[in-house]
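Here's the structure, in structure tokens; my notes come after.
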Amino acid sequence: MDPLQMQENRSTILVVDDTPDNLMLLNGLLRDKYRVKVANHGEVALRLVLADPRPDLILLDVMMPDMNGYEVCTRLKANQETEDIPVIFLTAKTAIEDEEEGFSVGGADYISKPIIPSILLARVQTQLALKAAQVFLKNQNQYLEHLVQERTRELAHLQQATILAMASLAETRDNETGKHLRRTQHFVALLALELADDPRFSDELIPANIQWLYKSAPMHDIGKVGVPDHILLKPGKLTDEEFNLMKMHTVYGRDVITSVESYLGTKEDKFLHYAREIAYSHQEKWDGSGYPQGLKGEDIPLSARLMAVADVYDALVSKRVYKPAFSHEDAMSIIVKGSGSHFDPSVVGALLRIQKSFPDISLLFADDEIEHH
């Protein structure tokens, strides 16, 4: 191997001692196997330790003028850049309390003077091996953490794709599309973010819960899979009997999600919790005239109140076989008129404040075959 390359691959040791003879002795013992840097003062050592090449190990005298070795070590351990460098104290102080103090300030080992070369070299080699093992484990942990983060992201994307695929099975049966699901989930998230600063909602609308609301929103009409085609696809007005059957999609949706919760043996999963609330209660109305339970006001889950506004807005501005697309302004007028009767006034207020974002979402996720105004 090239001598220069061999030098580059050597560990670096910083020797700190105020006695020139000790520095010469230690340099002579170490230089054949290691790169050696020397300092005759604590302040000099604190500067050298930050200079490249950074030391892999420090041999530190205790009794030095102005700043003793214990103080130098304390300052090294207080600095994130130097806290991981092992320190071996070299000292003529042999009292037990002196050794205890050395370990208490972060020393890795304590060698008494006069130095016995074989013991010093063995202790140095041991500490360097430990340091190398620690660096290896740290790098491995960082790599494993990176792999876990990557896999978590992959699973999150897979989960979201699966959710959209499942929900789309219901949506496509009544001539809607997966783009409707994407639009409404973004509408729900925007409304939730706007309300998050309101003290009435801030406890629930923390960032993690808003993420779960965003993910669960596409499940709002999953219960439509249980509605017969002759009702779901009927182009004209439904009879009272047919409409009562149509209403059952909220119950079917709740039951599907409840069965999943039962299978998993938990009702603590936030995604399923919000999905169940939204599927069951997004057709409830603020004044109690909605279905399936006729809930009123704040008895309606917040998730469902957010979904109600998002769902109706998208239905209004979307062209369907039975109606033209309304303009954003007309849709807003209809929703504002429904504030306090159909919709939670607070959610409508949030929509009014951020309404400029909604047409952008509609355009970004516009249907391929169904035009948006």
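Just remember, in the structure tokens the first chain shown is A, the second B, etc., residues are 1-based per chain, and ligands are 1-based in the order shown.
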
Please identify all polymer residues within 10 Å of Lys247 of chain A, counting only C-alpha atoms, omitting same-chain residues fewer than 2 positions from it, and present them as an MDAnalysis selection string. chainID A and resid 223:224 227 242:245 249:252 283 290:292

Considering only C-alpha atoms, give me a table of residues in segment 341-371 of chain A that are at most 7 Å from segment 188-206 of chain A, with the closest atom pair and distance in Å for each, as a tab-separated table.
```
residue	atom	partner	partner_atom	distance
A:Val347	CA	A:Leu191	CA	7.0
A:Ala350	CA	A:Glu194	CA	6.0
A:Leu351	CA	A:Leu191	CA	6.4
```

From the options A:Phe89, A:Glu154, A:Gly236, A:Ser259, which residue's atoms come nearest to Lys323 of chain A, counting only C-alpha atoms? A:Gly236

What are the nearest atom pairs, with distances in Å to one decimal, for all residues of segment 224-313 of chain A that come at most 7 Å from segment 343-346 of chain A, using only C-alpha atoms, set out by chain and rising residue number as a Markdown table?
```
| residue | atom | partner | partner_atom | distance |
| --- | --- | --- | --- | --- |
| A:Lys285 | CA | A:Phe343 | CA | 6.1 |
| A:Trp286 | CA | A:Phe343 | CA | 5.3 |
| A:Arg305 | CA | A:Asp344 | CA | 6.4 |
| A:Val309 | CA | A:Phe343 | CA | 6.7 |
```

How far is it from atom CA of Pro235 of chain A to atom CA of Pro324 of chain A, in Å with one decimal?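 Computing the Euclidean distance for atom CA of Pro235 of chain A and atom CA of Pro324 of chain A yields 14.0 Å.
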
According to DSSP computed on the backbone, where in segment 6-194 of chain A is there strand (DSSP E)? Give the residues as an NGL selection string. :A and (12-16 or 35-39 or 57-61 or 87-91 or 109-112)

What lies within 10 Å of Leu213 of chain A using only C-alpha atoms, ignoring chain neighbours under 6 positions off, as JSON, numbers by chain? {"A": [185, 186, 188, 189, 192, 205, 207, 270, 271, 272, 273, 274, 275, 278, 303, 304, 306, 307]}

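Of the listed residues (A:Met219, A:Val148, A:Lys337, A:Glu241), A:Lys337 comes nearest to Gly349 of chain A; the distances count only C-alpha atoms.
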
Just to confirm, what's the straight-line distance from atom CA of Leu295 of chain A to atom CA of Ser333 of chain A in Å (one decimal)?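 Atom-to-atom, atom CA of Leu295 of chain A to atom CA of Ser333 of chain A, that is 24.4 Å.
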
Enter the distance from atom CA of Ile361 of chain A to atom CA of Ile334 of chain A, in Å, rounded to one decimal. 19.2 Å

Report as an MDAnalysis selection string: the residues of segment 125-307 of chain A with a DSSP assignment of helix (DSSP H, G or I), based on the backbone of this structure. chainID A and resid 125:174 178:195 207:219 222:226 229:232 240:264 270:281 297:299 302:307

Which residues, written as an MDAnalysis selection string, have at least one atom at most 10 Å from Thr74 of chain A, with only C-alpha atoms counted and residues fewer than 5 positions away on the same chain left out? chainID A and resid 69 79 83 102 104:107

Hey, can you spit out that residue selection with C-alpha atoms as a PDB file, in the first residue's frame?
```pdb
ATOM      1  CA  GLY A  69      -8.000  17.976  32.274  1.00  0.00           C
ATOM      2  CA  ASN A  79     -20.061  20.112  22.509  1.00  0.00           C
ATOM      3  CA  GLU A  83     -18.908  14.611  22.706  1.00  0.00           C
ATOM      4  CA  GLY A 102     -12.432  11.477  35.751  1.00  0.00           C
ATOM      5  CA  SER A 104     -17.922  11.444  36.180  1.00  0.00           C
ATOM      6  CA  VAL A 105     -16.934  14.111  33.627  1.00  0.00           C
ATOM      7  CA  GLY A 106     -17.073  11.626  30.766  1.00  0.00           C
ATOM      8  CA  GLY A 107     -13.665   9.950  30.657  1.00  0.00           C
TER       9      GLY A 107
END
```

Return the single residue from A:Val317, A:Val16, A:Val72, A:Leu120 that is closest to Ile58 of chain A, with distances computed using only C-alpha atoms.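 Under the stated criterion, the closest residue is A:Val16.
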
For Thr258 of chain A, which residue out of A:Val312, A:Leu238, A:Arg153, A:Tyr280 is the nearest one, using only C-alpha atoms?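 Looking at the shortest contact to Thr258 of chain A, the residue is A:Tyr280.
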
Using only C-alpha atoms for the distances, tell me which of A:Val36, A:Met246, A:Ala133, A:Ala331 is nearest to Asp229 of chain A. A:Met246

Which residues are near Arg47 of chain A? Cut-off 12 Å, only C-alpha atoms, ignore same chain within fewer than 4 positions. Put them as a count of residues only. 17

Given the choices A:Tyr214, A:Leu232, A:Gln140, A:Ile115, which gets closest to Leu26 of chain A if the distance is worked out from only C-alpha atoms? A:Ile115
